[in-house]
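Source file: data.txt; contents: compact mmCIF, N, CA and C atoms.
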```txt
# COMPACT_ATOMS: atom_id res chain seq x y z
N MET A 27 218.30 41.19 324.02
CA MET A 27 218.30 42.33 323.12
C MET A 27 218.32 43.61 323.96
N ASN A 28 219.06 44.55 323.50
CA ASN A 28 219.22 45.83 324.17
C ASN A 28 217.88 46.58 324.22
N LEU A 29 217.52 47.13 325.39
CA LEU A 29 216.27 47.86 325.55
C LEU A 29 216.23 49.07 324.61
N TYR A 30 217.35 49.73 324.44
CA TYR A 30 217.39 50.91 323.57
C TYR A 30 217.17 50.53 322.11
N LEU A 31 217.63 49.37 321.71
CA LEU A 31 217.38 48.89 320.36
C LEU A 31 215.89 48.62 320.15
N ILE A 32 215.25 48.04 321.15
CA ILE A 32 213.80 47.79 321.07
C ILE A 32 213.04 49.10 320.96
N ILE A 33 213.44 50.09 321.75
CA ILE A 33 212.79 51.41 321.69
C ILE A 33 212.95 52.02 320.31
N LEU A 34 214.14 51.90 319.72
CA LEU A 34 214.38 52.47 318.40
C LEU A 34 213.56 51.75 317.32
N ILE A 35 213.48 50.44 317.39
CA ILE A 35 212.67 49.69 316.41
C ILE A 35 211.21 50.08 316.55
N LEU A 36 210.72 50.18 317.77
CA LEU A 36 209.33 50.60 317.99
C LEU A 36 209.10 52.01 317.47
N SER A 37 210.09 52.87 317.64
CA SER A 37 210.00 54.23 317.13
C SER A 37 209.88 54.26 315.61
N VAL A 38 210.63 53.41 314.94
CA VAL A 38 210.57 53.32 313.47
C VAL A 38 209.19 52.84 313.02
N VAL A 39 208.65 51.86 313.70
CA VAL A 39 207.32 51.34 313.34
C VAL A 39 206.25 52.41 313.57
N ILE A 40 206.35 53.15 314.67
CA ILE A 40 205.38 54.22 314.95
C ILE A 40 205.48 55.31 313.89
N ALA A 41 206.68 55.69 313.50
CA ALA A 41 206.85 56.70 312.45
C ALA A 41 206.28 56.21 311.12
N SER A 42 206.39 54.92 310.86
CA SER A 42 205.83 54.37 309.62
C SER A 42 204.30 54.45 309.62
N PHE A 43 203.69 54.14 310.75
CA PHE A 43 202.24 54.29 310.86
C PHE A 43 201.82 55.75 310.72
N ALA A 44 202.62 56.66 311.26
CA ALA A 44 202.33 58.09 311.12
C ALA A 44 202.33 58.50 309.65
N GLN A 45 203.29 57.99 308.89
CA GLN A 45 203.34 58.32 307.46
C GLN A 45 202.11 57.80 306.73
N ILE A 46 201.64 56.63 307.13
CA ILE A 46 200.44 56.08 306.51
C ILE A 46 199.23 56.95 306.82
N LEU A 47 199.11 57.42 308.06
CA LEU A 47 198.00 58.30 308.41
C LEU A 47 198.05 59.61 307.62
N LEU A 48 199.24 60.17 307.46
CA LEU A 48 199.37 61.41 306.71
C LEU A 48 199.05 61.20 305.23
N LYS A 49 199.43 60.06 304.69
CA LYS A 49 199.11 59.77 303.29
C LYS A 49 197.61 59.57 303.12
N LYS A 50 196.98 58.94 304.10
CA LYS A 50 195.52 58.74 304.04
C LYS A 50 194.81 60.10 304.05
N SER A 51 195.31 61.03 304.83
CA SER A 51 194.73 62.36 304.87
C SER A 51 194.95 63.10 303.55
N ALA A 52 196.11 62.93 302.96
CA ALA A 52 196.42 63.63 301.70
C ALA A 52 195.57 63.12 300.54
N ALA A 53 195.08 61.90 300.65
CA ALA A 53 194.28 61.33 299.56
C ALA A 53 192.85 61.85 299.56
N LYS A 54 192.43 62.51 300.63
CA LYS A 54 191.06 63.02 300.71
C LYS A 54 190.99 64.47 300.26
N THR A 55 189.79 64.87 299.89
CA THR A 55 189.56 66.29 299.60
C THR A 55 188.74 66.87 300.74
N TYR A 56 189.03 68.11 301.05
CA TYR A 56 188.38 68.76 302.19
C TYR A 56 187.68 70.02 301.74
N SER A 57 186.70 70.44 302.54
CA SER A 57 185.89 71.60 302.18
C SER A 57 186.61 72.92 302.40
N SER A 58 187.61 72.94 303.27
CA SER A 58 188.34 74.17 303.53
C SER A 58 189.79 73.84 303.87
N PRO A 59 190.67 74.82 303.72
CA PRO A 59 192.08 74.58 304.07
C PRO A 59 192.28 74.26 305.55
N ILE A 60 191.43 74.81 306.40
CA ILE A 60 191.55 74.52 307.84
C ILE A 60 191.25 73.05 308.11
N ARG A 61 190.22 72.53 307.48
CA ARG A 61 189.89 71.11 307.67
C ARG A 61 190.96 70.20 307.07
N GLU A 62 191.67 70.72 306.08
CA GLU A 62 192.73 69.94 305.46
C GLU A 62 193.87 69.67 306.43
N TYR A 63 194.12 70.63 307.31
CA TYR A 63 195.22 70.50 308.27
C TYR A 63 194.76 70.14 309.68
N LEU A 64 193.51 70.36 309.99
CA LEU A 64 193.00 70.02 311.32
C LEU A 64 191.95 68.92 311.20
N ASN A 65 192.42 67.73 310.95
CA ASN A 65 191.54 66.56 310.95
C ASN A 65 192.24 65.46 311.73
N ILE A 66 191.51 64.41 312.02
CA ILE A 66 192.01 63.37 312.90
C ILE A 66 193.25 62.66 312.34
N TYR A 67 193.32 62.50 311.03
CA TYR A 67 194.48 61.83 310.43
C TYR A 67 195.75 62.66 310.59
N VAL A 68 195.65 63.94 310.31
CA VAL A 68 196.82 64.81 310.39
C VAL A 68 197.27 64.98 311.83
N ILE A 69 196.33 65.24 312.71
CA ILE A 69 196.69 65.43 314.13
C ILE A 69 197.28 64.15 314.70
N SER A 70 196.68 63.01 314.39
CA SER A 70 197.22 61.74 314.88
C SER A 70 198.58 61.44 314.25
N GLY A 71 198.72 61.71 312.96
CA GLY A 71 199.99 61.46 312.28
C GLY A 71 201.12 62.27 312.86
N TYR A 72 200.88 63.56 313.07
CA TYR A 72 201.94 64.39 313.65
C TYR A 72 202.17 64.06 315.12
N GLY A 73 201.13 63.65 315.82
CA GLY A 73 201.30 63.21 317.20
C GLY A 73 202.18 61.97 317.28
N LEU A 74 201.95 61.02 316.37
CA LEU A 74 202.79 59.82 316.34
C LEU A 74 204.22 60.16 315.92
N MET A 75 204.38 61.12 315.01
CA MET A 75 205.73 61.54 314.62
C MET A 75 206.48 62.15 315.82
N PHE A 76 205.76 62.95 316.61
CA PHE A 76 206.38 63.53 317.80
C PHE A 76 206.77 62.44 318.78
N LEU A 77 205.88 61.47 318.99
CA LEU A 77 206.19 60.35 319.88
C LEU A 77 207.41 59.58 319.37
N SER A 78 207.46 59.35 318.07
CA SER A 78 208.58 58.65 317.47
C SER A 78 209.88 59.42 317.66
N MET A 79 209.83 60.73 317.48
CA MET A 79 211.01 61.55 317.67
C MET A 79 211.50 61.49 319.12
N PHE A 80 210.56 61.53 320.06
CA PHE A 80 210.90 61.44 321.48
C PHE A 80 211.53 60.08 321.80
N MET A 81 210.95 59.01 321.27
CA MET A 81 211.48 57.67 321.51
C MET A 81 212.86 57.49 320.88
N THR A 82 213.06 58.07 319.70
CA THR A 82 214.36 57.99 319.04
C THR A 82 215.42 58.71 319.88
N SER A 83 215.05 59.87 320.42
CA SER A 83 215.99 60.59 321.29
C SER A 83 216.34 59.77 322.53
N MET A 84 215.35 59.07 323.07
CA MET A 84 215.62 58.20 324.22
C MET A 84 216.56 57.06 323.83
N ALA A 85 216.35 56.50 322.65
CA ALA A 85 217.17 55.37 322.20
C ALA A 85 218.61 55.79 321.96
N TYR A 86 218.83 57.05 321.56
CA TYR A 86 220.19 57.53 321.33
C TYR A 86 221.04 57.49 322.59
N ARG A 87 220.41 57.53 323.75
CA ARG A 87 221.15 57.53 325.01
C ARG A 87 221.97 56.25 325.20
N GLY A 88 221.43 55.13 324.73
CA GLY A 88 222.09 53.87 325.01
C GLY A 88 222.63 53.14 323.81
N MET A 89 222.62 53.78 322.65
CA MET A 89 223.08 53.10 321.44
C MET A 89 224.29 53.82 320.85
N ASP A 90 225.09 53.05 320.15
CA ASP A 90 226.20 53.62 319.39
C ASP A 90 225.61 54.29 318.14
N PHE A 91 226.00 55.51 317.87
CA PHE A 91 225.41 56.26 316.76
C PHE A 91 225.65 55.63 315.40
N THR A 92 226.65 54.79 315.27
CA THR A 92 226.91 54.16 313.97
C THR A 92 225.88 53.08 313.66
N ASN A 93 225.18 52.57 314.66
CA ASN A 93 224.18 51.53 314.43
C ASN A 93 222.79 52.08 314.14
N VAL A 94 222.56 53.33 314.44
CA VAL A 94 221.23 53.91 314.28
C VAL A 94 220.76 53.94 312.83
N PRO A 95 221.58 54.32 311.84
CA PRO A 95 221.09 54.34 310.46
C PRO A 95 220.60 52.98 309.96
N VAL A 96 221.17 51.92 310.47
CA VAL A 96 220.74 50.58 310.06
C VAL A 96 219.31 50.34 310.51
N VAL A 97 219.02 50.68 311.74
CA VAL A 97 217.67 50.45 312.27
C VAL A 97 216.68 51.43 311.63
N GLU A 98 217.11 52.67 311.42
CA GLU A 98 216.23 53.66 310.80
C GLU A 98 215.84 53.27 309.38
N SER A 99 216.72 52.60 308.66
CA SER A 99 216.40 52.19 307.29
C SER A 99 215.35 51.09 307.26
N LEU A 100 215.10 50.47 308.39
CA LEU A 100 214.02 49.50 308.50
C LEU A 100 212.67 50.13 308.14
N GLY A 101 212.56 51.44 308.37
CA GLY A 101 211.33 52.16 308.08
C GLY A 101 210.91 52.09 306.63
N TYR A 102 211.86 52.03 305.70
CA TYR A 102 211.52 51.94 304.29
C TYR A 102 210.74 50.67 303.98
N GLY A 103 211.19 49.58 304.54
CA GLY A 103 210.50 48.31 304.34
C GLY A 103 209.15 48.28 305.02
N VAL A 104 209.07 48.85 306.22
CA VAL A 104 207.80 48.87 306.96
C VAL A 104 206.76 49.71 306.21
N VAL A 105 207.19 50.87 305.70
CA VAL A 105 206.26 51.72 304.95
C VAL A 105 205.79 51.02 303.68
N MET A 106 206.69 50.33 303.00
CA MET A 106 206.30 49.60 301.80
C MET A 106 205.27 48.52 302.13
N PHE A 107 205.49 47.80 303.22
CA PHE A 107 204.56 46.75 303.64
C PHE A 107 203.22 47.34 304.07
N LEU A 108 203.23 48.44 304.83
CA LEU A 108 201.98 49.07 305.26
C LEU A 108 201.22 49.67 304.07
N GLY A 109 201.94 50.20 303.10
CA GLY A 109 201.29 50.69 301.89
C GLY A 109 200.59 49.58 301.14
N TYR A 110 201.20 48.41 301.15
CA TYR A 110 200.57 47.24 300.53
C TYR A 110 199.30 46.85 301.30
N LEU A 111 199.37 46.87 302.62
CA LEU A 111 198.22 46.47 303.43
C LEU A 111 197.06 47.46 303.38
N PHE A 112 197.37 48.75 303.53
CA PHE A 112 196.32 49.75 303.68
C PHE A 112 195.87 50.38 302.37
N PHE A 113 196.76 50.48 301.40
CA PHE A 113 196.43 51.16 300.15
C PHE A 113 196.44 50.23 298.94
N LYS A 114 196.71 48.96 299.18
CA LYS A 114 196.77 47.96 298.11
C LYS A 114 197.79 48.35 297.04
N GLU A 115 198.88 49.01 297.47
CA GLU A 115 199.95 49.36 296.55
C GLU A 115 200.71 48.10 296.18
N LYS A 116 201.06 48.00 294.93
CA LYS A 116 201.79 46.82 294.48
C LYS A 116 203.26 46.92 294.87
N ILE A 117 203.81 45.80 295.25
CA ILE A 117 205.24 45.73 295.50
C ILE A 117 205.88 45.24 294.22
N THR A 118 206.43 46.18 293.48
CA THR A 118 206.97 45.88 292.16
C THR A 118 208.43 45.45 292.26
N LYS A 119 208.93 44.97 291.13
CA LYS A 119 210.34 44.60 291.07
C LYS A 119 211.23 45.82 291.31
N ARG A 120 210.78 46.96 290.85
CA ARG A 120 211.55 48.19 291.03
C ARG A 120 211.65 48.58 292.52
N LYS A 121 210.54 48.41 293.24
CA LYS A 121 210.57 48.69 294.68
C LYS A 121 211.48 47.70 295.40
N LEU A 122 211.40 46.44 295.02
CA LEU A 122 212.26 45.44 295.64
C LEU A 122 213.73 45.71 295.31
N LEU A 123 214.00 46.16 294.10
CA LEU A 123 215.36 46.53 293.72
C LEU A 123 215.84 47.70 294.58
N GLY A 124 214.97 48.67 294.79
CA GLY A 124 215.32 49.81 295.65
C GLY A 124 215.64 49.37 297.07
N MET A 125 214.86 48.44 297.59
CA MET A 125 215.13 47.91 298.93
C MET A 125 216.46 47.17 298.95
N ALA A 126 216.76 46.45 297.88
CA ALA A 126 218.03 45.74 297.79
C ALA A 126 219.20 46.72 297.76
N VAL A 127 219.02 47.84 297.08
CA VAL A 127 220.08 48.86 297.04
C VAL A 127 220.29 49.45 298.43
N ILE A 128 219.20 49.71 299.14
CA ILE A 128 219.31 50.23 300.51
C ILE A 128 220.05 49.23 301.40
N LEU A 129 219.65 47.97 301.33
CA LEU A 129 220.30 46.94 302.14
C LEU A 129 221.76 46.76 301.73
N GLY A 130 222.03 46.86 300.43
CA GLY A 130 223.40 46.79 299.96
C GLY A 130 224.24 47.95 300.48
N GLY A 131 223.64 49.14 300.53
CA GLY A 131 224.34 50.30 301.09
C GLY A 131 224.67 50.11 302.56
N ILE A 132 223.75 49.52 303.29
CA ILE A 132 224.01 49.24 304.70
C ILE A 132 225.14 48.23 304.83
N PHE A 133 225.12 47.22 303.98
CA PHE A 133 226.17 46.20 304.00
C PHE A 133 227.54 46.82 303.72
N VAL A 134 227.60 47.68 302.70
CA VAL A 134 228.86 48.35 302.35
C VAL A 134 229.31 49.27 303.49
N TYR A 135 228.36 49.92 304.13
CA TYR A 135 228.66 50.83 305.23
C TYR A 135 229.35 50.10 306.37
N TYR A 136 228.95 48.87 306.62
CA TYR A 136 229.51 48.11 307.73
C TYR A 136 230.72 47.27 307.35
N MET A 137 231.13 47.28 306.11
CA MET A 137 232.31 46.49 305.71
C MET A 137 233.58 47.17 306.14
```
Full structure transcribed into structure tokens:
Amino acid sequence: MNLYLIILILSVVIASFAQILLKKSAAKTYSSPIREYLNIYVISGYGLMFLSMFMTSMAYRGMDFTNVPVVESLGYGVVMFLGYLFFKEKITKRKLLGMAVILGGIFVYYM
């Protein structure tokens, strides 16, 4: 497997965890607006997003740009799975249909 592909997949997983941290922070109430934006969840979430952005830029060096959207769309499934694990969100038929539409779009894109 291509090293750049591994870096891109890892970047997508890191960005998905960052989104979970930011959602966890948004679900809480804070005593002041400063605490709302300067807490461990927000700082960690944006730090992971920055790391993910840096890793994605590194992965672009060795990958064909037409393949990147396919790997990036993996993030939708990862976020859905992490939401199920951390927030006990239900995976409904509608969400699965949405994932099928995304995968179908990728399939059509490569035809």
Can you tell me which residues surround Ile35 in chain A at a distance of at most 9 Å, considering only C-alpha atoms, apart from same-chain residues fewer than 5 positions away, and format the answer as an MDAnalysis selection string? chainID A and resid 30 40 82 97:98 100:101
Mind pulling up the distance from atom N of Leu47 in chain A to atom C of Val96 in chain A?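 Result for atom C of Val96 in chain A versus atom N of Leu47 in chain A: 21.5 Å, one decimal.
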| task | Pick out the residues sitting within 9 Å of Tyr67 in chain A, and hand them over as a ChimeraX atom specification; count only C-alpha atoms, and ignore anything fewer than 4 positions along from it in its own chain. | result | /A:44,47-51,63,71-72
Kindly export the residues of the current selection with N, CA and C atoms, as a CSV table (one decimal), in the coordinates of the input.
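Wrote it out as selection_29.csv, contents follow:
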```csv
chain,number,residue,atom,x,y,z
A,44,ALA,N,202.6,56.7,311.3
A,44,ALA,CA,202.3,58.1,311.1
A,44,ALA,C,202.3,58.5,309.6
A,47,LEU,N,199.1,57.4,308.1
A,47,LEU,CA,198.0,58.3,308.4
A,47,LEU,C,198.0,59.6,307.6
A,48,LEU,N,199.2,60.2,307.5
A,48,LEU,CA,199.4,61.4,306.7
A,48,LEU,C,199.0,61.2,305.2
A,49,LYS,N,199.4,60.1,304.7
A,49,LYS,CA,199.1,59.8,303.3
A,49,LYS,C,197.6,59.6,303.1
A,50,LYS,N,197.0,58.9,304.1
A,50,LYS,CA,195.5,58.7,304.0
A,50,LYS,C,194.8,60.1,304.0
A,51,SER,N,195.3,61.0,304.8
A,51,SER,CA,194.7,62.4,304.9
A,51,SER,C,195.0,63.1,303.6
A,63,TYR,N,194.1,70.6,307.3
A,63,TYR,CA,195.2,70.5,308.3
A,63,TYR,C,194.8,70.1,309.7
A,71,GLY,N,198.7,61.7,313.0
A,71,GLY,CA,200.0,61.5,312.3
A,71,GLY,C,201.1,62.3,312.9
A,72,TYR,N,200.9,63.6,313.1
A,72,TYR,CA,201.9,64.4,313.6
A,72,TYR,C,202.2,64.1,315.1
```
(message) When you look at Ser70 in chain A with a cut-off of 8 Å (counting only N, CA and C atoms), what residues show up, excluding the ones that are within fewer than 4 positions of it in the same chain? I need them as a list of chain:residue names.
(response)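 Within the cut-off, the hits are A:Phe43, A:Ala44, A:Gln45, A:Leu47, A:Leu48, A:Asn65, A:Ile66, A:Leu74, A:Met75, A:Phe76.
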note - CA of Phe80 in chain A and atom N of Ser42 in chain A are separated by 13.3 Å
Please report the interatomic distance between atom C of Leu122 in chain A and CA of Asp90 in chain A in Å with one decimal.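 Computing it gives 28.2 Å between the two atoms.
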With a distance cut-off of 6 Å and all atoms listed in the file, select the neighbouring residues of Ser78 in chain A, excluding the residue or stretch itself and same-chain residues fewer than 5 positions from it, and output the selection as JSON, numbers by chain.
-> {"A": [37, 40, 41, 73, 83]}
TODO: Could you give me, as a PyMOL selection string, each residue of range 35-114 of chain A that DSSP assigns to alpha helix (DSSP H) when run on this structure's backbone?
DONE: chain A and resi 35-52+59-63+66-86+94-98+100-113
Notebook entry, point to check: Which is closest to Met89 in chain A among A:Ile46, A:Leu31, A:Gly130, A:Tyr56, if we use only C-alpha atoms?
Noted result: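 Among A:Ile46, A:Leu31, A:Gly130, A:Tyr56, it is A:Leu31 that comes nearest to Met89 in chain A.
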Would you compute, for all listed atoms of range 120-136 of chain A, the axis-aligned bounding box grown by 4 Å on each side, and then report its centre and edge lengths in Å rounded to one decimal, as lines of an AutoDock Vina configuration file?
```
center_x = 220.6
center_y = 48.1
center_z = 299.3
size_x = 28.2
size_y = 13.4
size_z = 24.9
```
Min atom-atom distance to Leu36 in chain A from the set A:Thr55, A:Val104, A:Leu64, A:Asn93, counting only C-alpha atoms, belongs to A:Val104
Determine, counting only C-alpha atoms, which protein, DNA and RNA residues have an atom within 12 Å of an atom of Thr118 in chain A; residues of the same chain fewer than 6 positions away are not included. Present the result as a PyMOL selection string. chain A and resi 106-107+110+124-125
Write out the residues from the selection above, keeping N, CA and C atoms, as a PDB file, in the frame of the given file.
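Full text of selection.pdb as output:
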```
ATOM      1  N   MET A 106     206.690  50.330 303.000  1.00  0.00           N
ATOM      2  CA  MET A 106     206.300  49.600 301.800  1.00  0.00           C
ATOM      3  C   MET A 106     205.270  48.520 302.130  1.00  0.00           C
ATOM      4  N   PHE A 107     205.490  47.800 303.220  1.00  0.00           N
ATOM      5  CA  PHE A 107     204.560  46.750 303.640  1.00  0.00           C
ATOM      6  C   PHE A 107     203.220  47.340 304.070  1.00  0.00           C
ATOM      7  N   TYR A 110     201.200  48.410 301.150  1.00  0.00           N
ATOM      8  CA  TYR A 110     200.570  47.240 300.530  1.00  0.00           C
ATOM      9  C   TYR A 110     199.300  46.850 301.300  1.00  0.00           C
ATOM     10  N   GLY A 124     214.970  48.670 294.790  1.00  0.00           N
ATOM     11  CA  GLY A 124     215.320  49.810 295.650  1.00  0.00           C
ATOM     12  C   GLY A 124     215.640  49.370 297.070  1.00  0.00           C
ATOM     13  N   MET A 125     214.860  48.440 297.590  1.00  0.00           N
ATOM     14  CA  MET A 125     215.130  47.910 298.930  1.00  0.00           C
ATOM     15  C   MET A 125     216.460  47.170 298.950  1.00  0.00           C
TER      16      MET A 125
END
```
